[in-house]
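What follows is the content of final_16.tsv, which has TSV, C-alpha atoms (C1' of nucleotides):
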chain	number	residue	atom	x	y	z
O	1	MET	CA	95.89	49.21	-30.36
O	2	PRO	CA	97.35	52.05	-28.24
O	3	MET	CA	94.89	54.02	-26.16
O	4	VAL	CA	95.83	57.53	-27.12
O	5	HIS	CA	93.61	60.13	-25.57
O	6	ASN	CA	92.50	62.96	-27.73
O	7	ILE	CA	92.18	65.87	-25.34
O	8	ARG	CA	89.93	67.97	-27.50
O	9	ARG	CA	87.47	65.21	-28.13
O	10	GLN	CA	87.42	64.01	-24.53
O	11	ALA	CA	86.69	67.52	-23.44
O	12	GLY	CA	83.85	67.57	-25.93
O	13	LEU	CA	82.43	64.42	-24.42
O	14	ALA	CA	82.60	65.88	-20.93
O	15	GLU	CA	80.90	69.10	-21.92
O	16	LEU	CA	78.19	67.34	-23.82
O	17	ALA	CA	77.64	64.95	-20.96
O	18	GLN	CA	77.32	67.70	-18.44
O	19	GLN	CA	74.91	69.65	-20.59
O	20	ARG	CA	72.56	66.73	-20.63
O	21	GLY	CA	72.87	65.59	-17.07
O	22	LEU	CA	74.94	62.61	-18.05
O	23	ARG	CA	77.68	61.35	-15.81
O	24	LEU	CA	81.21	60.74	-16.84
O	25	THR	CA	81.85	57.27	-15.53
O	26	SER	CA	85.12	55.45	-16.01
O	27	GLN	CA	83.32	52.99	-18.29
O	28	ARG	CA	81.94	55.72	-20.48
O	29	ARG	CA	85.33	57.34	-20.84
O	30	LEU	CA	86.92	54.02	-21.59
O	31	ILE	CA	84.45	53.06	-24.29
O	32	PHE	CA	84.78	56.43	-25.91
O	33	SER	CA	88.55	56.36	-25.85
O	34	ILE	CA	88.54	52.95	-27.48
O	35	LEU	CA	86.41	54.22	-30.31
O	36	GLU	CA	88.57	57.29	-30.60
O	37	SER	CA	91.78	55.42	-31.08
O	38	ALA	CA	90.47	52.43	-33.01
O	39	PRO	CA	92.17	51.88	-36.35
O	40	THR	CA	88.98	50.37	-37.80
O	41	HIS	CA	85.30	50.47	-37.10
O	42	LEU	CA	84.47	48.20	-34.20
O	43	ASN	CA	81.31	46.40	-33.24
O	44	ALA	CA	79.95	46.06	-29.72
O	45	LYS	CA	81.66	42.75	-29.13
O	46	GLN	CA	85.03	44.07	-30.19
O	47	ILE	CA	84.61	47.15	-28.06
O	48	LEU	CA	83.77	44.98	-25.06
O	49	GLU	CA	86.80	42.81	-25.69
O	50	GLU	CA	89.04	45.85	-25.88
O	51	ALA	CA	87.44	47.44	-22.83
O	52	ARG	CA	87.98	44.35	-20.72
O	53	LYS	CA	91.70	44.68	-21.17
O	54	GLN	CA	91.58	47.78	-19.02
O	55	ASP	CA	88.50	47.05	-16.95
O	56	PRO	CA	87.91	43.29	-16.74
O	57	GLY	CA	84.67	43.77	-14.84
O	58	ILE	CA	82.92	45.77	-17.52
O	59	ASP	CA	79.77	44.18	-18.90
O	60	GLN	CA	78.54	44.09	-22.46
O	61	VAL	CA	75.32	45.75	-21.46
O	62	THR	CA	77.34	48.76	-20.38
O	63	VAL	CA	78.89	48.88	-23.80
O	64	TYR	CA	75.50	48.70	-25.50
O	65	ARG	CA	73.98	51.34	-23.28
O	66	ASN	CA	76.86	53.71	-23.74
O	67	LEU	CA	76.92	53.27	-27.48
O	68	SER	CA	73.25	54.09	-27.46
O	69	VAL	CA	73.76	57.21	-25.37
O	70	MET	CA	76.65	58.48	-27.45
O	71	LYS	CA	74.77	57.78	-30.60
O	72	ARG	CA	71.94	59.91	-29.39
O	73	MET	CA	74.35	62.62	-28.31
O	74	GLY	CA	75.67	62.66	-31.85
O	75	VAL	CA	79.14	61.85	-30.60
O	76	ILE	CA	79.42	58.61	-32.51
O	77	ASP	CA	77.81	57.18	-35.64
O	78	GLU	CA	76.44	53.74	-36.20
O	79	LEU	CA	77.27	51.92	-39.41
O	80	ASP	CA	76.21	48.71	-41.08
O	81	LEU	CA	79.07	48.61	-43.54
O	82	LEU	CA	76.66	47.15	-46.09
O	83	HIS	CA	76.41	44.02	-43.95
O	84	LEU	CA	79.57	42.89	-45.67
O	85	ARG	CA	81.00	41.65	-42.40
O	86	GLY	CA	77.81	40.58	-40.70
O	87	GLU	CA	74.61	41.92	-39.24
O	88	GLU	CA	76.14	43.67	-36.28
O	89	HIS	CA	76.55	47.40	-36.08
O	90	TYR	CA	79.84	49.19	-36.25
O	91	TYR	CA	80.74	52.46	-34.64
O	92	GLU	CA	82.96	55.43	-35.29
O	93	VAL	CA	83.50	58.76	-33.55
O	94	ARG	CA	81.66	61.39	-35.55
O	95	GLN	CA	84.01	62.93	-38.07
O	96	LEU	CA	84.13	66.58	-38.97
O	97	ARG	CA	84.53	65.68	-42.59
O	98	GLU	CA	81.72	63.73	-44.18
O	99	HIS	CA	82.89	60.57	-45.87
O	100	CYS	CA	81.55	57.51	-47.63
O	101	HIS	CA	82.21	53.93	-46.63
O	102	VAL	CA	83.21	51.85	-49.59
O	103	GLY	CA	83.54	48.10	-49.56
O	104	CYS	CA	84.69	45.52	-52.07
O	105	LEU	CA	82.03	42.86	-52.58
O	106	SER	CA	84.73	40.41	-53.47
O	107	CYS	CA	87.44	40.73	-50.83
O	108	GLY	CA	85.42	42.61	-48.24
O	109	GLN	CA	88.03	45.33	-47.81
O	110	MET	CA	86.52	48.61	-46.63
O	111	PHE	CA	87.85	52.13	-46.95
O	112	GLU	CA	86.69	55.70	-46.55
O	113	PHE	CA	86.27	58.09	-49.40
O	114	VAL	CA	85.83	61.84	-49.40
O	115	THR	CA	84.34	63.79	-52.27
O	116	PRO	CA	82.63	67.16	-52.62
O	117	ALA	CA	79.74	65.40	-54.35
O	118	MET	CA	78.60	64.30	-50.93
O	119	LYS	CA	77.94	67.81	-49.83
O	120	ALA	CA	76.22	68.45	-53.15
O	121	ILE	CA	73.57	65.89	-52.25
O	122	ASN	CA	72.83	67.62	-48.98
O	123	LYS	CA	72.68	70.99	-50.68
O	124	ALA	CA	70.28	69.72	-53.31
O	125	LEU	CA	68.08	68.17	-50.67
O	126	GLU	CA	67.99	71.30	-48.56
O	127	LYS	CA	67.24	73.48	-51.54
O	128	GLU	CA	64.75	71.29	-53.39
O	129	CYS	CA	62.92	69.81	-50.42
O	130	ASN	CA	63.42	72.41	-47.72
O	131	TYR	CA	64.99	69.70	-45.66
O	132	LYS	CA	67.60	70.22	-42.95
O	133	VAL	CA	70.17	67.45	-43.20
O	134	ALA	CA	71.58	66.21	-39.91
O	135	TYR	CA	73.82	63.51	-41.30
O	136	ALA	CA	74.22	61.36	-44.35
O	137	ARG	CA	75.25	57.78	-44.48
O	138	ILE	CA	76.71	56.64	-47.76
O	139	GLU	CA	77.74	53.06	-48.20
O	140	ILE	CA	78.99	51.84	-51.53
O	141	GLY	CA	79.59	48.31	-52.72
O	142	GLY	CA	81.73	47.48	-55.70
O	143	TYR	CA	84.87	45.76	-56.85
O	144	CYS	CA	88.38	46.96	-56.21
O	145	ALA	CA	91.01	46.94	-58.93
O	146	LYS	CA	92.82	43.99	-57.44
O	147	CYS	CA	89.78	41.74	-57.39
O	148	ARG	CA	88.74	42.80	-60.88
O	149	GLY	CA	92.16	41.69	-62.04
O	150	LYS	CA	91.68	38.22	-60.60
O	151	GLU	CA	88.26	37.89	-62.13
O	152	GLU	CA	89.48	36.31	-65.40
O	153	GLN	CA	86.33	34.53	-66.47
O	154	GLY	CA	84.50	33.23	-63.41
O	155	LYS	CA	82.12	35.06	-61.15
O	156	VAL	CA	83.69	36.81	-58.22
O	157	ILE	CA	82.59	35.14	-55.03
O	158	GLN	CA	82.91	36.93	-51.75
O	159	LYS	CA	85.86	35.71	-49.76
O	160	GLY	CA	84.92	33.39	-46.95
O	161	LYS	CA	81.39	33.06	-48.20
O	162	ARG	CA	79.70	29.85	-47.28
O	163	VAL	CA	77.69	28.65	-50.23
O	164	ARG	CA	75.84	25.38	-49.98
O	165	SER	CA	72.90	25.99	-52.17
O	166	LEU	CA	71.71	29.11	-53.87
O	167	THR	CA	68.78	29.09	-51.50
O	168	SER	CA	70.80	29.01	-48.34
O	169	ALA	CA	70.20	32.22	-46.47
O	170	THR	CA	73.76	32.22	-45.30
O	171	SER	CA	75.69	34.66	-47.42
O	172	ARG	CA	75.60	38.41	-47.19
O	173	ILE	CA	74.50	41.04	-49.69
N	1	MET	CA	47.46	46.71	-51.51
N	2	PRO	CA	46.48	45.36	-54.96
N	3	MET	CA	48.71	42.69	-56.40
N	4	VAL	CA	49.37	44.11	-59.83
N	5	HIS	CA	51.74	41.98	-61.84
N	6	ASN	CA	54.39	43.76	-63.79
N	7	ILE	CA	54.89	41.55	-66.80
N	8	ARG	CA	58.30	42.89	-67.73
N	9	ARG	CA	59.74	42.43	-64.30
N	10	GLN	CA	58.22	39.03	-63.72
N	11	ALA	CA	59.70	37.90	-67.01
N	12	GLY	CA	63.02	39.25	-65.81
N	13	LEU	CA	62.75	37.25	-62.65
N	14	ALA	CA	62.00	34.11	-64.65
N	15	GLU	CA	64.96	34.62	-66.96
N	16	LEU	CA	67.31	35.37	-64.14
N	17	ALA	CA	66.08	32.36	-62.23
N	18	GLN	CA	66.57	30.03	-65.13
N	19	GLN	CA	70.04	31.33	-65.86
N	20	ARG	CA	71.15	30.40	-62.39
N	21	GLY	CA	69.39	27.10	-62.03
N	22	LEU	CA	66.81	28.60	-59.71
N	23	ARG	CA	63.22	27.42	-59.80
N	24	LEU	CA	60.24	29.61	-60.16
N	25	THR	CA	58.03	28.44	-57.34
N	26	SER	CA	54.66	29.95	-56.58
N	27	GLN	CA	56.07	31.27	-53.32
N	28	ARG	CA	58.95	33.01	-55.05
N	29	ARG	CA	56.64	34.65	-57.55
N	30	LEU	CA	54.31	35.73	-54.80
N	31	ILE	CA	57.01	37.31	-52.67
N	32	PHE	CA	58.41	39.14	-55.64
N	33	SER	CA	55.03	40.41	-56.75
N	34	ILE	CA	54.37	41.72	-53.25
N	35	LEU	CA	57.59	43.70	-53.29
N	36	GLU	CA	56.83	44.90	-56.76
N	37	SER	CA	53.50	46.39	-55.92
N	38	ALA	CA	54.24	47.56	-52.39
N	39	PRO	CA	53.61	51.25	-51.81
N	40	THR	CA	56.38	51.36	-49.18
N	41	HIS	CA	59.42	49.38	-48.25
N	42	LEU	CA	58.43	46.27	-46.37
N	43	ASN	CA	60.28	44.15	-43.87
N	44	ALA	CA	60.22	40.35	-43.76
N	45	LYS	CA	57.35	40.24	-41.31
N	46	GLN	CA	55.20	42.51	-43.40
N	47	ILE	CA	55.97	40.54	-46.51
N	48	LEU	CA	54.99	37.33	-44.76
N	49	GLU	CA	51.77	38.86	-43.56
N	50	GLU	CA	50.92	40.01	-47.05
N	51	ALA	CA	51.93	36.70	-48.60
N	52	ARG	CA	49.68	34.74	-46.25
N	53	LYS	CA	46.66	36.51	-47.65
N	54	GLN	CA	47.19	34.62	-50.87
N	55	ASP	CA	48.99	31.55	-49.59
N	56	PRO	CA	48.12	30.94	-45.94
N	57	GLY	CA	50.53	28.04	-45.73
N	58	ILE	CA	53.63	30.03	-46.57
N	59	ASP	CA	56.27	30.08	-43.87
N	60	GLN	CA	58.44	32.95	-42.76
N	61	VAL	CA	61.55	30.97	-43.49
N	62	THR	CA	60.51	30.87	-47.12
N	63	VAL	CA	60.26	34.62	-47.10
N	64	TYR	CA	63.71	34.97	-45.59
N	65	ARG	CA	65.26	32.51	-47.98
N	66	ASN	CA	63.73	34.10	-51.01
N	67	LEU	CA	64.71	37.58	-49.96
N	68	SER	CA	68.23	36.29	-49.59
N	69	VAL	CA	68.21	34.71	-53.03
N	70	MET	CA	66.76	37.75	-54.76
N	71	LYS	CA	69.18	39.98	-52.95
N	72	ARG	CA	72.04	37.92	-54.29
N	73	MET	CA	70.51	37.95	-57.74
N	74	GLY	CA	70.51	41.73	-57.57
N	75	VAL	CA	66.76	41.77	-58.11
N	76	ILE	CA	66.00	43.47	-54.84
N	77	ASP	CA	67.90	45.71	-52.45
N	78	GLU	CA	68.08	45.56	-48.70
N	79	LEU	CA	67.73	48.75	-46.70
N	80	ASP	CA	68.05	49.73	-43.08
N	81	LEU	CA	66.32	53.06	-43.43
N	82	LEU	CA	68.73	54.47	-40.88
N	83	HIS	CA	67.13	52.23	-38.26
N	84	LEU	CA	64.51	54.90	-37.90
N	85	ARG	CA	61.77	52.30	-37.77
N	86	GLY	CA	63.66	49.53	-36.06
N	87	GLU	CA	66.48	47.10	-36.54
N	88	GLU	CA	64.82	44.96	-39.19
N	89	HIS	CA	65.72	45.13	-42.84
N	90	TYR	CA	63.50	46.58	-45.50
N	91	TYR	CA	63.34	45.59	-49.12
N	92	GLU	CA	62.65	47.17	-52.47
N	93	VAL	CA	62.79	45.94	-56.05
N	94	ARG	CA	65.98	47.27	-57.58
N	95	GLN	CA	65.29	50.57	-59.30
N	96	LEU	CA	66.77	51.65	-62.59
N	97	ARG	CA	67.29	55.11	-61.22
N	98	GLU	CA	69.58	55.45	-58.25
N	99	HIS	CA	67.98	57.27	-55.37
N	100	CYS	CA	68.63	58.26	-51.78
N	101	HIS	CA	66.44	57.38	-48.83
N	102	VAL	CA	65.77	60.36	-46.68
N	103	GLY	CA	64.11	60.25	-43.28
N	104	CYS	CA	62.99	62.86	-40.79
N	105	LEU	CA	64.54	62.24	-37.39
N	106	SER	CA	61.56	63.90	-35.80
N	107	CYS	CA	58.46	62.44	-37.44
N	108	GLY	CA	60.09	59.39	-39.00
N	109	GLN	CA	58.64	60.08	-42.43
N	110	MET	CA	60.75	58.63	-45.24
N	111	PHE	CA	60.96	59.61	-48.87
N	112	GLU	CA	63.12	59.01	-51.89
N	113	PHE	CA	65.25	61.65	-53.47
N	114	VAL	CA	66.98	61.70	-56.83
N	115	THR	CA	69.91	63.93	-57.66
N	116	PRO	CA	72.73	63.82	-60.20
N	117	ALA	CA	75.19	64.29	-57.34
N	118	MET	CA	74.69	60.65	-56.56
N	119	LYS	CA	76.20	59.56	-59.82
N	120	ALA	CA	78.98	62.07	-59.27
N	121	ILE	CA	80.11	60.15	-56.20
N	122	ASN	CA	80.35	56.93	-58.16
N	123	LYS	CA	82.22	58.64	-60.96
N	124	ALA	CA	84.71	60.17	-58.54
N	125	LEU	CA	85.26	56.84	-56.86
N	126	GLU	CA	85.79	55.01	-60.13
N	127	LYS	CA	88.17	57.63	-61.38
N	128	GLU	CA	90.16	58.35	-58.23
N	129	CYS	CA	90.30	54.84	-56.80
N	130	ASN	CA	89.94	52.65	-59.87
N	131	TYR	CA	86.93	51.16	-58.21
N	132	LYS	CA	83.98	49.59	-60.02
N	133	VAL	CA	80.79	50.58	-58.21
N	134	ALA	CA	78.07	47.94	-58.08
N	135	TYR	CA	75.59	49.89	-56.03
N	136	ALA	CA	75.42	52.77	-53.63
N	137	ARG	CA	73.26	53.07	-50.59
N	138	ILE	CA	72.60	56.58	-49.42
N	139	GLU	CA	70.55	57.18	-46.33
N	140	ILE	CA	70.09	60.65	-44.98
N	141	GLY	CA	68.66	61.78	-41.68
N	142	GLY	CA	67.44	65.28	-41.05
N	143	TYR	CA	64.44	67.39	-40.22
N	144	CYS	CA	61.57	68.13	-42.57
N	145	ALA	CA	60.13	71.62	-42.90
N	146	LYS	CA	57.01	70.70	-40.98
N	147	CYS	CA	58.88	69.42	-37.92
N	148	ARG	CA	61.28	72.35	-37.97
N	149	GLY	CA	58.25	74.61	-37.80
N	150	LYS	CA	56.96	72.90	-34.67
N	151	GLU	CA	60.32	73.07	-33.00
N	152	GLU	CA	59.72	76.45	-31.34
N	153	GLN	CA	62.13	76.24	-28.45
N	154	GLY	CA	62.30	72.66	-27.21
N	155	LYS	CA	64.28	69.79	-28.58
N	156	VAL	CA	62.59	67.74	-31.21
N	157	ILE	CA	61.91	64.27	-29.91
N	158	GLN	CA	61.23	61.47	-32.29
N	159	LYS	CA	57.57	60.59	-32.47
N	160	GLY	CA	56.68	57.47	-30.53
N	161	LYS	CA	60.04	57.34	-28.90
N	162	ARG	CA	60.07	55.67	-25.55
N	163	VAL	CA	62.36	57.61	-23.27
N	164	ARG	CA	62.75	56.52	-19.68
N	165	SER	CA	66.24	57.56	-18.94
N	166	LEU	CA	68.95	58.93	-21.14
N	167	THR	CA	70.74	55.66	-20.66
N	168	SER	CA	67.93	53.45	-21.78
N	169	ALA	CA	68.99	51.67	-24.93
N	170	THR	CA	65.48	51.87	-26.25
N	171	SER	CA	65.35	54.70	-28.74
N	172	ARG	CA	66.71	54.65	-32.25
N	173	ILE	CA	69.45	56.73	-33.84
R	1	DT	C1'	79.68	64.90	3.75
R	2	DC	C1'	75.11	63.70	2.44
R	3	DC	C1'	71.54	63.16	-1.07
R	4	DT	C1'	69.67	62.29	-5.35
R	5	DT	C1'	69.48	59.64	-9.23
R	6	DA	C1'	72.22	58.18	-13.37
R	7	DT	C1'	74.73	54.17	-14.16
R	8	DT	C1'	76.41	49.62	-13.55
R	9	DG	C1'	76.51	44.35	-13.57
R	10	DC	C1'	74.01	40.25	-13.50
R	11	DA	C1'	70.58	37.13	-15.31
R	12	DA	C1'	67.08	36.42	-18.19
R	13	DA	C1'	64.27	37.71	-21.94
R	14	DC	C1'	63.58	39.28	-26.72
R	15	DC	C1'	63.25	39.28	-31.57
R	16	DG	C1'	64.78	39.02	-36.15
R	17	DT	C1'	66.97	35.64	-38.63
R	18	DT	C1'	69.19	31.10	-39.66
R	19	DT	C1'	69.81	26.01	-39.67
R	20	DG	C1'	68.78	20.79	-39.86
R	21	DC	C1'	65.95	17.73	-41.88
R	22	DA	C1'	62.47	15.08	-44.15
R	23	DA	C1'	58.79	15.94	-47.49
R	24	DT	C1'	57.50	18.27	-51.74
R	25	DA	C1'	57.56	20.00	-56.30
R	26	DA	C1'	60.02	22.36	-60.39
R	27	DT	C1'	62.99	21.19	-64.22
R	28	DA	C1'	65.94	18.28	-66.98
R	29	DT	C1'	66.30	13.74	-68.96
R	30	DT	C1'	64.63	9.75	-70.98
U	1	DA	C1'	54.34	11.53	-70.81
U	2	DA	C1'	56.98	9.26	-67.25
U	3	DT	C1'	61.05	9.38	-64.52
U	4	DA	C1'	65.04	11.15	-62.26
U	5	DT	C1'	67.31	14.87	-60.12
U	6	DT	C1'	67.77	18.25	-56.87
U	7	DA	C1'	66.13	23.02	-55.57
U	8	DT	C1'	62.76	24.45	-52.47
U	9	DT	C1'	59.48	24.21	-48.86
U	10	DG	C1'	57.56	23.94	-43.96
U	11	DC	C1'	58.28	22.72	-39.38
U	12	DA	C1'	60.76	23.00	-35.08
U	13	DA	C1'	64.52	24.36	-32.84
U	14	DA	C1'	68.57	27.05	-32.43
U	15	DC	C1'	71.29	31.31	-32.86
U	16	DG	C1'	73.27	35.81	-31.96
U	17	DG	C1'	73.03	40.50	-31.26
U	18	DT	C1'	70.69	43.45	-28.39
U	19	DT	C1'	67.46	44.88	-24.67
U	20	DT	C1'	65.13	44.79	-20.11
U	21	DG	C1'	64.21	44.29	-14.89
U	22	DC	C1'	66.26	44.99	-10.79
U	23	DA	C1'	69.10	45.73	-6.84
U	24	DA	C1'	73.67	47.61	-5.87
U	25	DT	C1'	76.96	51.27	-6.86
U	26	DA	C1'	78.92	55.69	-7.60
U	27	DA	C1'	78.92	60.56	-9.93
U	28	DG	C1'	78.00	65.19	-9.11
U	29	DG	C1'	75.22	68.85	-6.87
U	30	DA	C1'	73.76	70.77	-2.30
Exercise: express the given structure as structure tokens:
Amino acid sequence: MPMVHNIRRQAGLAELAQQRGLRLTSQRRLIFSILESAPTHLNAKQILEEARKQDPGIDQVTVYRNLSVMKRMGVIDELDLLHLRGEEHYYEVRQLREHCHVGCLSCGQMFEFVTPAMKAINKALEKECNYKVAYARIEIGGYCAKCRGKEEQGKVIQKGKRVRSLTSATSRI
Amino acid sequence: MPMVHNIRRQAGLAELAQQRGLRLTSQRRLIFSILESAPTHLNAKQILEEARKQDPGIDQVTVYRNLSVMKRMGVIDELDLLHLRGEEHYYEVRQLREHCHVGCLSCGQMFEFVTPAMKAINKALEKECNYKVAYARIEIGGYCAKCRGKEEQGKVIQKGKRVRSLTSATSRI
DNA sequence: TCCTTATTGCAAACCGTTTGCAATAATATT
DNA sequence: AATATTATTGCAAACGGTTTGCAATAAGGA
């Protein structure tokens, strides 16, 4: 996972920080740069792990606090990914283009999807309810083509799912 | 909060239960009927509280386990409500009509919104990605007309938000 | 360079949720 | 209707992600 710095975005972080009296610590920069260059959405633990490669002394609480700050600054977004992977939260740098997060309930694979219909929802809401949309979170669960192919007759069971009894509170979704 | 039984839905629960070798215990019925007649989305704690009014001996673990079972049966849906209220999960009986959950980032008020654009997203996804949508969760954060009116010059701060320092990990969103 | 205070790291707490297990009770079987 | 089977319950304890208190540190303005 190469740590490529995105100049424009880093600058944005600095400006925003200054505006609000926030300080640009090495830890804050590091955490942001990890999120920026991450190929997938990461959770706090993963971010910590990655951060420790460059700053072994960094603490998880610093990660949590910075995620919280950036979230409030609107620099990053927090996702649940339909709890397909677990109960933790996942993070991504806020994208210019609104997108949905789609996950396969069978294999757990997630991907992003862009469609104009997303904006249509916001428009409708603003028009019909006089509501000013700040952000929309769309998470969709379904079955990808590959998994539907495999599903010959049996029920599709989520990969890696631990099923002891139907009452066990173990599995997700 | 009157416990009105919805015959059709209860029957549905019974059928579904039987199909899957699940048993219709008094606790399971009770929890379902609470969700059915709830005026808002409830979290596990609230459901337990409500359930104890009719069955003081019921345990929270029973609530959790049943929510998990019903979730897997597709009888109820689990929501995060954008974490506007907290990190817990909220539940609702699965609706026939797909709807979005919209919340005001200022006053925290939540409401449901129905628009054909929602189905358009699913259609696009099925067509463009050969994906079979099982369910979509749309959660939107924004500012209601009332709060936008109040926002004369200052920043809108979420009601009840505890803010000590900008770094405090206390506030939501 | 000094001062103010935002931020950090550590340890411990917190809270929603899950698990192990023996007792109980809902269904299927006889 | 009686019995056998096993899903479900309640209790107590654990779990895991996240948050808090606090003293030490360091960023950014004066």
Can you tell me which residues surround Asn130 (chain O) at a distance of at most 12 Å, considering only C-alpha atoms (C1' of nucleotides), apart from same-chain residues fewer than 2 positions away, and format the answer as a list in words?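 The residues that qualify are Asn122, Lys123, Ala124, Leu125, Glu126, Lys127, Glu128, Lys132 and Val133 of chain O; Cys104, Gly142, Tyr143, Cys144, Ala145, Lys146, Cys147, Arg148 and Gly149 of chain N.
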Protein, DNA and RNA residues within 12 Å of (60.8, 37.4, -30.2), only C-alpha atoms (C1' of nucleotides), as a ChimeraX atom specification: /N:45 /R:13-17 /U:18-19
Give me, as a VMD selection string, the contact residues of chain U against chain O at a cut-off of 10 Å, counting all atoms listed in the file. chain U and resid 7 to 8 16 to 19 26 to 28
One decimal, in Å: what's the spacing between CA of Ser106 (chain O) and C1' of DT19 (chain R)?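 A separation of 24.9 Å between them.
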What is the distance, in Å and to one decimal place, between C1' of DA23 (chain R) and CA of Leu67 (chain N)?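 Separation between C1' of DA23 (chain R) and CA of Leu67 (chain N): 22.6 Å.
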Counting only C-alpha atoms (C1' of nucleotides), the option among R:DT24, R:DA11, R:DA6, R:DT30 closest to chain O: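 With only C-alpha atoms (C1' of nucleotides) as the atom set, the closest residue is R:DA6.
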Atomic distance CA of Ala38 (chain O) - CA of Gln19 (chain O), expressed in Å with one decimal: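 One can read the CA of Ala38 (chain O) to CA of Gln19 (chain O) distance as 26.3 Å.
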Return the single residue from N:Met73, N:Gly86, N:Phe32, N:Ala136 that is closest to chain R, with distances computed using all atoms listed in the file. N:Gly86
Build an axis-aligned box that encloses every atom of region 3-22 of chain U listed in the file, pad it by 8 Å on each side, and report its centre and edge lengths in Å to one decimal, as JSON.
{"center_x": 65.4, "center_y": 27.2, "center_z": -37.7, "size_x": 31.7, "size_y": 51.6, "size_z": 69.7}
Closest atom pairs, chain R residues within 7 Å of chain O, all atoms listed in the file, as a tab-separated table:
residue	atom	partner	partner_atom	distance
R:DA6	C1'	O:Arg23	CA	6.8
R:DT8	C1'	O:Thr62	CA	6.9
R:DG9	C1'	O:Asp59	CA	6.3
R:DT18	C1'	O:Ala169	CA	7.0
Leaving out Arg85 (chain O) and any residue of its chain fewer than 4 positions from it, which residues lie within 10 Å of it when counting only C-alpha atoms (C1' of nucleotides), given as a ChimeraX atom specification? /O:80-81,89-90,103,108-110,172-173
List as a list in words the protein and nucleic acid residues near Glu50 (chain O), meaning an atom at most 10 Å away when all atoms listed in the file are counted, but skip any in the same chain fewer than 5 places from it. Met1, Leu30, Ile31, Ile34, Leu35, Ala38, Leu42, Ala44, Lys45, Asp55 and Pro56 of chain O
Which residue, N:Ala51, N:Cys100, N:Leu13, N:Val69, has the smallest gap to chain O when you use all atoms listed in the file?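 Selected residue with least distance to chain O: N:Val69.
Candidate residues O:Arg137, O:Arg52, O:Lys150, O:His41 were compared for distance to chain N, and the nearest is O:Arg137, using all atoms listed in the file.
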Counting all atoms listed in the file, which of N:Leu96, N:Cys107, N:Ile47, N:Met70 gets nearest to chain O?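 Comparing N:Leu96, N:Cys107, N:Ile47, N:Met70 against chain O, the winner is N:Met70.
Minimum atom-to-atom distances from N:Thr40, N:Gln95, N:Gln46, N:Thr115 to chain O were compared using all atoms listed in the file, and the lowest value belongs to N:Thr115.
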Would you mind putting N, CA, C and O atoms back on region 17-26 of chain N and writing the result as a JSON list (two decimals), in the coordinates of the input?
[["chain", "number", "residue", "atom", "x", "y", "z"],
["N", 17, "ALA", "N", 66.18, 33.59, -62.98],
["N", 17, "ALA", "CA", 66.08, 32.36, -62.23],
["N", 17, "ALA", "C", 66.63, 31.20, -63.05],
["N", 17, "ALA", "O", 67.45, 30.42, -62.58],
["N", 18, "GLN", "N", 66.17, 31.13, -64.27],
["N", 18, "GLN", "CA", 66.57, 30.03, -65.13],
["N", 18, "GLN", "C", 68.08, 30.02, -65.35],
["N", 18, "GLN", "O", 68.73, 28.99, -65.24],
["N", 19, "GLN", "N", 68.60, 31.19, -65.65],
["N", 19, "GLN", "CA", 70.04, 31.33, -65.86],
["N", 19, "GLN", "C", 70.84, 30.68, -64.74],
["N", 19, "GLN", "O", 71.88, 30.09, -64.96],
["N", 20, "ARG", "N", 70.35, 30.83, -63.53],
["N", 20, "ARG", "CA", 71.15, 30.40, -62.39],
["N", 20, "ARG", "C", 70.69, 29.07, -61.80],
["N", 20, "ARG", "O", 71.06, 28.73, -60.68],
["N", 21, "GLY", "N", 69.85, 28.39, -62.53],
["N", 21, "GLY", "CA", 69.39, 27.10, -62.03],
["N", 21, "GLY", "C", 68.41, 27.24, -60.88],
["N", 21, "GLY", "O", 68.22, 26.32, -60.08],
["N", 22, "LEU", "N", 67.81, 28.42, -60.76],
["N", 22, "LEU", "CA", 66.81, 28.60, -59.71],
["N", 22, "LEU", "C", 65.45, 28.21, -60.25],
["N", 22, "LEU", "O", 65.21, 28.26, -61.45],
["N", 23, "ARG", "N", 64.57, 27.84, -59.36],
["N", 23, "ARG", "CA", 63.22, 27.42, -59.80],
["N", 23, "ARG", "C", 62.20, 28.48, -59.47],
["N", 23, "ARG", "O", 62.30, 29.14, -58.44],
["N", 24, "LEU", "N", 61.25, 28.59, -60.36],
["N", 24, "LEU", "CA", 60.24, 29.61, -60.16],
["N", 24, "LEU", "C", 59.04, 29.01, -59.43],
["N", 24, "LEU", "O", 58.06, 28.60, -60.04],
["N", 25, "THR", "N", 59.12, 29.00, -58.14],
["N", 25, "THR", "CA", 58.03, 28.44, -57.34],
["N", 25, "THR", "C", 56.95, 29.50, -57.15],
["N", 25, "THR", "O", 57.18, 30.69, -57.33],
["N", 26, "SER", "N", 55.78, 29.02, -56.78],
["N", 26, "SER", "CA", 54.66, 29.95, -56.58],
["N", 26, "SER", "C", 55.02, 30.92, -55.45],
["N", 26, "SER", "O", 54.70, 32.11, -55.52]]
